[in-house]
Structure formats: C-alpha cells, structure tokens
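Here is target_26.pdb, consisting of PDB, C-alpha atoms and all ligand atoms:
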```
ATOM      1  CA  MET A 223     -39.290  39.388-100.698  1.00  0.00           C
ATOM      2  CA  ILE A 224     -42.929  40.084 -99.841  1.00  0.00           C
ATOM      3  CA  ILE A 225     -43.961  36.976-101.766  1.00  0.00           C
ATOM      4  CA  LYS A 226     -41.480  34.865 -99.824  1.00  0.00           C
ATOM      5  CA  LYS A 227     -42.814  36.244 -96.548  1.00  0.00           C
ATOM      6  CA  MET A 228     -46.417  35.582 -97.571  1.00  0.00           C
ATOM      7  CA  LEU A 229     -45.517  32.065 -98.642  1.00  0.00           C
ATOM      8  CA  THR A 230     -43.905  31.429 -95.261  1.00  0.00           C
ATOM      9  CA  ILE A 231     -47.066  32.616 -93.481  1.00  0.00           C
ATOM     10  CA  PHE A 232     -49.236  30.526 -95.801  1.00  0.00           C
ATOM     11  CA  LEU A 233     -47.202  27.389 -95.102  1.00  0.00           C
ATOM     12  CA  ALA A 234     -47.296  28.039 -91.364  1.00  0.00           C
ATOM     13  CA  VAL A 235     -51.092  28.328 -91.490  1.00  0.00           C
ATOM     14  CA  CYS A 236     -51.313  25.099 -93.547  1.00  0.00           C
ATOM     15  CA  ALA A 237     -49.123  23.237 -91.065  1.00  0.00           C
ATOM     16  CA  PHE A 238     -51.498  24.341 -88.310  1.00  0.00           C
ATOM     17  CA  ILE A 239     -54.752  23.450 -90.098  1.00  0.00           C
ATOM     18  CA  LEU A 240     -53.858  20.379 -92.148  1.00  0.00           C
ATOM     19  CA  PRO A 241     -53.247  17.835 -89.363  1.00  0.00           C
ATOM     20  CA  ASN A 242     -56.858  18.279 -88.212  1.00  0.00           C
ATOM     21  CA  VAL A 243     -58.184  17.781 -91.728  1.00  0.00           C
ATOM     22  CA  VAL A 244     -55.902  14.880 -92.603  1.00  0.00           C
ATOM     23  CA  ASN A 245     -56.455  13.024 -89.332  1.00  0.00           C
ATOM     24  CA  ALA A 246     -60.257  13.197 -89.467  1.00  0.00           C
ATOM     25  CA  ALA A 247     -61.591   9.644 -89.613  1.00  0.00           C
ATOM     26  CA  ASP A 248     -64.738   8.186 -91.128  1.00  0.00           C
ATOM     27  CA  HIS A 249     -66.943   5.929 -89.005  1.00  0.00           C
ATOM     28  CA  THR A 250     -69.938   3.815 -89.923  1.00  0.00           C
ATOM     29  CA  ILE A 251     -72.753   2.789 -87.605  1.00  0.00           C
ATOM     30  CA  LYS A 252     -74.426  -0.239 -89.141  1.00  0.00           C
ATOM     31  CA  ALA A 253     -78.049  -1.088 -88.458  1.00  0.00           C
ATOM     32  CA  GLY A 254     -78.501  -4.732 -87.533  1.00  0.00           C
ATOM     33  CA  ALA A 255     -81.862  -6.469 -87.113  1.00  0.00           C
ATOM     34  CA  ARG A 256     -82.710  -4.749 -83.825  1.00  0.00           C
ATOM     35  CA  ALA A 257     -79.493  -3.007 -82.807  1.00  0.00           C
ATOM     36  CA  PHE A 258     -76.898  -0.489 -83.917  1.00  0.00           C
ATOM     37  CA  GLU A 259     -73.262  -1.581 -84.304  1.00  0.00           C
ATOM     38  CA  ASP A 260     -71.501   0.055 -82.538  1.00  0.00           C
ATOM     39  CA  ALA A 261     -74.244   1.248 -80.234  1.00  0.00           C
ATOM     40  CA  ILE A 262     -71.590   3.100 -78.217  1.00  0.00           C
ATOM     41  CA  LEU A 263     -69.189   4.829 -80.588  1.00  0.00           C
ATOM     42  CA  TYR A 264     -66.245   7.037 -79.584  1.00  0.00           C
ATOM     43  CA  VAL A 265     -64.961   9.457 -82.221  1.00  0.00           C
ATOM     44  CA  ALA A 266     -62.568  12.408 -82.280  1.00  0.00           C
ATOM     45  CA  GLU A 267     -63.716  15.963 -82.934  1.00  0.00           C
ATOM     46  CA  GLY A 268     -63.886  16.520 -86.686  1.00  0.00           C
ATOM     47  CA  ASP A 269     -64.530  12.850 -87.497  1.00  0.00           C
ATOM     48  CA  LYS A 270     -67.420  11.925 -89.772  1.00  0.00           C
ATOM     49  CA  VAL A 271     -70.118   9.402 -88.861  1.00  0.00           C
ATOM     50  CA  GLN A 272     -72.540   7.833 -91.300  1.00  0.00           C
ATOM     51  CA  PHE A 273     -75.306   5.299 -90.667  1.00  0.00           C
ATOM     52  CA  SER A 274     -75.529   2.329 -93.034  1.00  0.00           C
ATOM     53  CA  ASN A 275     -77.887  -0.553 -93.867  1.00  0.00           C
ATOM     54  CA  MET A 276     -80.806   1.503 -92.536  1.00  0.00           C
ATOM     55  CA  ASN A 277     -83.436  -0.231 -94.734  1.00  0.00           C
ATOM     56  CA  SER A 278     -86.263  -0.499 -92.175  1.00  0.00           C
ATOM     57  CA  HIS A 279     -84.669   1.786 -89.571  1.00  0.00           C
ATOM     58  CA  ASN A 280     -84.106   5.435 -88.845  1.00  0.00           C
ATOM     59  CA  SER A 281     -81.872   7.524 -86.592  1.00  0.00           C
ATOM     60  CA  VAL A 282     -83.281  10.452 -84.641  1.00  0.00           C
ATOM     61  CA  SER A 283     -81.323  12.471 -82.083  1.00  0.00           C
ATOM     62  CA  VAL A 284     -82.868  12.821 -78.627  1.00  0.00           C
ATOM     63  CA  GLU A 285     -83.850  16.324 -77.558  1.00  0.00           C
ATOM     64  CA  GLY A 286     -81.837  17.592 -74.609  1.00  0.00           C
ATOM     65  CA  LEU A 287     -79.289  14.777 -74.901  1.00  0.00           C
ATOM     66  CA  ILE A 288     -77.007  16.273 -77.544  1.00  0.00           C
ATOM     67  CA  PRO A 289     -74.400  18.943 -76.759  1.00  0.00           C
ATOM     68  CA  GLU A 290     -75.511  22.540 -76.243  1.00  0.00           C
ATOM     69  CA  GLY A 291     -75.750  24.266 -79.646  1.00  0.00           C
ATOM     70  CA  ALA A 292     -75.369  21.015 -81.625  1.00  0.00           C
ATOM     71  CA  THR A 293     -77.540  20.268 -84.656  1.00  0.00           C
ATOM     72  CA  ALA A 294     -80.362  17.772 -84.053  1.00  0.00           C
ATOM     73  CA  TRP A 295     -81.141  15.236 -86.777  1.00  0.00           C
ATOM     74  CA  THR A 296     -84.189  13.267 -87.900  1.00  0.00           C
ATOM     75  CA  GLY A 297     -83.318  10.572 -90.414  1.00  0.00           C
ATOM     76  CA  GLY A 298     -86.144   9.271 -92.561  1.00  0.00           C
ATOM     77  CA  LEU A 299     -86.989   5.574 -92.639  1.00  0.00           C
ATOM     78  CA  GLY A 300     -84.249   3.854 -94.640  1.00  0.00           C
ATOM     79  CA  GLU A 301     -82.048   6.954 -94.743  1.00  0.00           C
ATOM     80  CA  ASN A 302     -78.318   6.450 -94.204  1.00  0.00           C
ATOM     81  CA  VAL A 303     -78.113   9.770 -92.432  1.00  0.00           C
ATOM     82  CA  ALA A 304     -74.757  11.424 -91.657  1.00  0.00           C
ATOM     83  CA  PRO A 305     -75.393  13.685 -88.659  1.00  0.00           C
ATOM     84  CA  LEU A 306     -73.348  16.836 -88.145  1.00  0.00           C
ATOM     85  CA  LEU A 307     -71.316  16.305 -84.985  1.00  0.00           C
ATOM     86  CA  GLU A 308     -69.623  19.676 -84.780  1.00  0.00           C
ATOM     87  CA  LYS A 309     -69.707  19.989 -80.990  1.00  0.00           C
ATOM     88  CA  ARG A 310     -67.743  17.985 -78.455  1.00  0.00           C
ATOM     89  CA  GLY A 311     -69.939  15.894 -76.197  1.00  0.00           C
ATOM     90  CA  ILE A 312     -72.405  13.016 -76.088  1.00  0.00           C
ATOM     91  CA  TYR A 313     -75.164  12.494 -78.661  1.00  0.00           C
ATOM     92  CA  SER A 314     -78.035  10.083 -77.920  1.00  0.00           C
ATOM     93  CA  TYR A 315     -80.234   8.769 -80.729  1.00  0.00           C
ATOM     94  CA  VAL A 316     -82.949   6.167 -81.281  1.00  0.00           C
ATOM     95  CA  CYS A 317     -84.464   4.130 -84.088  1.00  0.00           C
ATOM     96  CA  GLN A 318     -88.129   5.092 -83.764  1.00  0.00           C
ATOM     97  CA  PRO A 319     -89.663   1.831 -85.108  1.00  0.00           C
ATOM     98  CA  HIS A 320     -87.499  -0.331 -82.834  1.00  0.00           C
ATOM     99  CA  ILE A 321     -86.898   1.773 -79.750  1.00  0.00           C
ATOM    100  CA  GLY A 322     -88.933  -0.761 -77.754  1.00  0.00           C
ATOM    101  CA  PHE A 323     -86.389  -3.429 -78.721  1.00  0.00           C
ATOM    102  CA  GLY A 324     -83.610  -1.240 -77.369  1.00  0.00           C
ATOM    103  CA  MET A 325     -82.415  -0.127 -80.806  1.00  0.00           C
ATOM    104  CA  VAL A 326     -80.775   3.024 -79.475  1.00  0.00           C
ATOM    105  CA  GLY A 327     -77.244   4.363 -79.328  1.00  0.00           C
ATOM    106  CA  VAL A 328     -74.798   7.040 -78.299  1.00  0.00           C
ATOM    107  CA  ILE A 329     -71.940   8.792 -80.066  1.00  0.00           C
ATOM    108  CA  VAL A 330     -69.211  10.298 -77.884  1.00  0.00           C
ATOM    109  CA  VAL A 331     -67.364  13.101 -79.681  1.00  0.00           C
ATOM    110  CA  GLY A 332     -64.005  14.181 -78.270  1.00  0.00           C
ATOM    111  CA  ASP A 333     -62.827  13.947 -74.681  1.00  0.00           C
ATOM    112  CA  ILE A 334     -65.414  13.587 -71.914  1.00  0.00           C
ATOM    113  CA  THR A 335     -64.503  14.081 -68.263  1.00  0.00           C
ATOM    114  CA  ALA A 336     -65.966  11.986 -65.440  1.00  0.00           C
ATOM    115  CA  ASP A 337     -67.850  15.066 -64.188  1.00  0.00           C
ATOM    116  CA  GLU A 338     -69.368  15.763 -67.613  1.00  0.00           C
ATOM    117  CA  LEU A 339     -70.396  12.131 -67.912  1.00  0.00           C
ATOM    118  CA  ALA A 340     -71.976  12.148 -64.444  1.00  0.00           C
ATOM    119  CA  ALA A 341     -73.983  15.286 -65.327  1.00  0.00           C
ATOM    120  CA  TYR A 342     -75.116  13.711 -68.601  1.00  0.00           C
ATOM    121  CA  LYS A 343     -76.224  10.500 -66.837  1.00  0.00           C
ATOM    122  CA  GLN A 344     -78.192  12.521 -64.307  1.00  0.00           C
ATOM    123  CA  LYS A 345     -79.916  14.522 -67.054  1.00  0.00           C
ATOM    124  CA  ALA A 346     -80.788  11.294 -68.888  1.00  0.00           C
ATOM    125  CA  MET A 347     -82.201   9.748 -65.705  1.00  0.00           C
ATOM    126  CA  ASP A 348     -84.298  12.861 -65.060  1.00  0.00           C
ATOM    127  CA  THR A 349     -85.639  13.461 -68.575  1.00  0.00           C
ATOM    128  CA  LEU A 350     -85.998  10.138 -70.424  1.00  0.00           C
ATOM    129  CA  GLU A 351     -89.460   8.604 -70.352  1.00  0.00           C
ATOM    130  CA  GLY A 352     -91.114   5.391 -71.515  1.00  0.00           C
ATOM    131  CA  PRO A 353     -89.160   3.390 -74.117  1.00  0.00           C
ATOM    132  CA  PHE A 354     -86.581   6.202 -74.337  1.00  0.00           C
ATOM    133  CA  ARG A 355     -85.290   4.892 -71.004  1.00  0.00           C
ATOM    134  CA  ARG A 356     -83.735   2.051 -73.020  1.00  0.00           C
ATOM    135  CA  LEU A 357     -80.978   4.608 -73.659  1.00  0.00           C
ATOM    136  CA  LEU A 358     -79.920   4.461 -70.000  1.00  0.00           C
ATOM    137  CA  GLY A 359     -78.369   1.012 -70.545  1.00  0.00           C
ATOM    138  CA  LYS A 360     -76.042   2.479 -73.174  1.00  0.00           C
ATOM    139  CA  ILE A 361     -75.384   5.749 -71.360  1.00  0.00           C
ATOM    140  CA  ASN A 362     -74.377   3.864 -68.199  1.00  0.00           C
ATOM    141  CA  LYS A 363     -71.713   2.001 -70.190  1.00  0.00           C
ATOM    142  CA  ILE A 364     -70.001   5.166 -71.481  1.00  0.00           C
ATOM    143  CA  LYS A 365     -66.485   5.571 -70.071  1.00  0.00           C
ATOM    144  CA  PRO A 366     -64.865   8.976 -69.485  1.00  0.00           C
ATOM    145  CA  THR A 367     -62.177   9.567 -72.100  1.00  0.00           C
ATOM    146  CA  LYS A 368     -60.200  12.200 -70.215  1.00  0.00           C
TER     147      LYS A 368
HETATM  148 CU    CU B 401     -84.596  -0.062 -86.212  1.00  0.00          CU
END
```
Rewrite the structure of this file - the entire thing - as structure tokens.
Amino acid sequence: MIIKKMLTIFLAVCAFILPNVVNAADHTIKAGARAFEDAILYVAEGDKVQFSNMNSHNSVSVEGLIPEGATAWTGGLGENVAPLLEKRGIYSYVCQPHIGFGMVGVIVVGDITADELAAYKQKAMDTLEGPFRRLLGKINKIKPTK
C-alpha cells in the first residue's frame, strides 16, 4: 500500500518535470564569414544553444547586457562554445576579431515584455561604446515575445 502511494507520487512528480526536459530544444548559431546565423535567436527557457563553425571566430558575452545573475562566457578563438543560458532574458555577445564588421548577436531566452525590451534597449544605448555599438542594430530588431 505504501509502495503504491509512493509510486503514485513519483509518477505525479515525473509528469510535472518531464515535459520541460522532453521539450527542450537544441539550437545552433553558425559562424559565417563575418556574421552569425541567426544573429537574433529566440529560444525557450531550458533550450540549449551551441555555436558552430567558429574556426576564426569567438563568442564573448557583453558585460551588463546579459540577465541579472546569468553566467558570462568567453569562448576561445575557434571554440564552438555552448553558453549556459539558465536565466530568462536577453544575452548580447560579440566576435572579438570581427566586431568591427558587425559580427555580433543576441539570444532571447523565454518571454520578453515590451517594457523589459525597452529597458534593455535603453541600457544598451547608455553603456555600449565604440564598435560594441554595432550591437544596437540587432537589439533594435528584437521583438517582444509576450
Ligand atoms: Cu568572427
């Protein structure tokens, strides 16, 4: 009887957790000659993102333009880095060798409201300097998802 009850609880917990695990999707951001594809990528919370074809490129997150408490990343040259995207929000990154060519991108994780997007745009406008301002072109194209 106790075993049956425990099994019922176990199955209920599985039913709650599994959909999130099963539905998690894998995404690839491919490095082209001087651009990331897709440079603006929308993913769900729990999805995995990996860079590919990074031969002469790298991916480095931009300080202050990833969600509060999120893990920053610094991919080495040629590294197909898979950043941890455990927080909902917008992550900006650049390819350091080609930032001047506009080889930059954003990953939008989960639902973003218009207000959150507006605040993010303002922060980007206020803090990005020099070639990092190439990110503004991408950030201005982000659409609210909620
Ligand atoms: Cu590059």
Find, counting all atoms listed in the file, the residue in A:Ala261, A:Leu358, A:Val282, A:Ala346 that gets nearest to Ile329 of chain A. A:Ala261
Give me the result of the PyMOL selection byres (((not hetatm)) within 9 of (chain B and resi 401)) on this file, residue by residue, as a PDB file with C-alpha atoms, in the coordinates of the input.
```
ATOM      1  CA  ALA A 253     -78.049  -1.088 -88.458  1.00  0.00           C
ATOM      2  CA  GLY A 254     -78.501  -4.732 -87.533  1.00  0.00           C
ATOM      3  CA  ALA A 255     -81.862  -6.469 -87.113  1.00  0.00           C
ATOM      4  CA  ARG A 256     -82.710  -4.749 -83.825  1.00  0.00           C
ATOM      5  CA  ALA A 257     -79.493  -3.007 -82.807  1.00  0.00           C
ATOM      6  CA  PHE A 258     -76.898  -0.489 -83.917  1.00  0.00           C
ATOM      7  CA  MET A 276     -80.806   1.503 -92.536  1.00  0.00           C
ATOM      8  CA  ASN A 277     -83.436  -0.231 -94.734  1.00  0.00           C
ATOM      9  CA  SER A 278     -86.263  -0.499 -92.175  1.00  0.00           C
ATOM     10  CA  HIS A 279     -84.669   1.786 -89.571  1.00  0.00           C
ATOM     11  CA  ASN A 280     -84.106   5.435 -88.845  1.00  0.00           C
ATOM     12  CA  SER A 281     -81.872   7.524 -86.592  1.00  0.00           C
ATOM     13  CA  LEU A 299     -86.989   5.574 -92.639  1.00  0.00           C
ATOM     14  CA  VAL A 316     -82.949   6.167 -81.281  1.00  0.00           C
ATOM     15  CA  CYS A 317     -84.464   4.130 -84.088  1.00  0.00           C
ATOM     16  CA  GLN A 318     -88.129   5.092 -83.764  1.00  0.00           C
ATOM     17  CA  PRO A 319     -89.663   1.831 -85.108  1.00  0.00           C
ATOM     18  CA  HIS A 320     -87.499  -0.331 -82.834  1.00  0.00           C
ATOM     19  CA  ILE A 321     -86.898   1.773 -79.750  1.00  0.00           C
ATOM     20  CA  PHE A 323     -86.389  -3.429 -78.721  1.00  0.00           C
ATOM     21  CA  GLY A 324     -83.610  -1.240 -77.369  1.00  0.00           C
ATOM     22  CA  MET A 325     -82.415  -0.127 -80.806  1.00  0.00           C
ATOM     23  CA  VAL A 326     -80.775   3.024 -79.475  1.00  0.00           C
TER      24      VAL A 326
END
```
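Our summary of the geometry notes that atom CA of Pro289 of chain A is positioned 10.9 Å from atom CA of Glu338 of chain A.
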For segment 249-251 of chain A: contacts at 12 Å, only C-alpha atoms, fewer than 5 positions along chain excluded, given as number ranges by chain: A: 257-266, 268-276, 280-281, 302-305, 307, 315, 326-329, 331
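You will find atom CA of Pro353 of chain A at 23.6 Å from atom CA of Glu290 of chain A.
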For the point (-57.9, 15.7, -68.5) in the file's frame, write as a VMD selection string all residues with an atom no more than 12 Å away, counting all atoms listed in the file. chain A and resid 332 to 338 366 to 368
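A straight line drawn from atom CA of Gly286 of chain A to atom CA of Gly322 of chain A is 19.9 Å long.
In this comparison, which uses only C-alpha atoms, the residue of A:Ala340, A:Glu267, A:Gly298, A:Gly311 approaching Asn245 of chain A most closely is A:Glu267.
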Listed atoms of segment 261-267 of chain A boxed along x, y and z, 8 Å each side, centre and edge lengths in Å, one decimal, as lines of an AutoDock Vina configuration file:
```
center_x = -68.4
center_y = 8.6
center_z = -80.6
size_x = 27.7
size_y = 30.7
size_z = 20.7
```
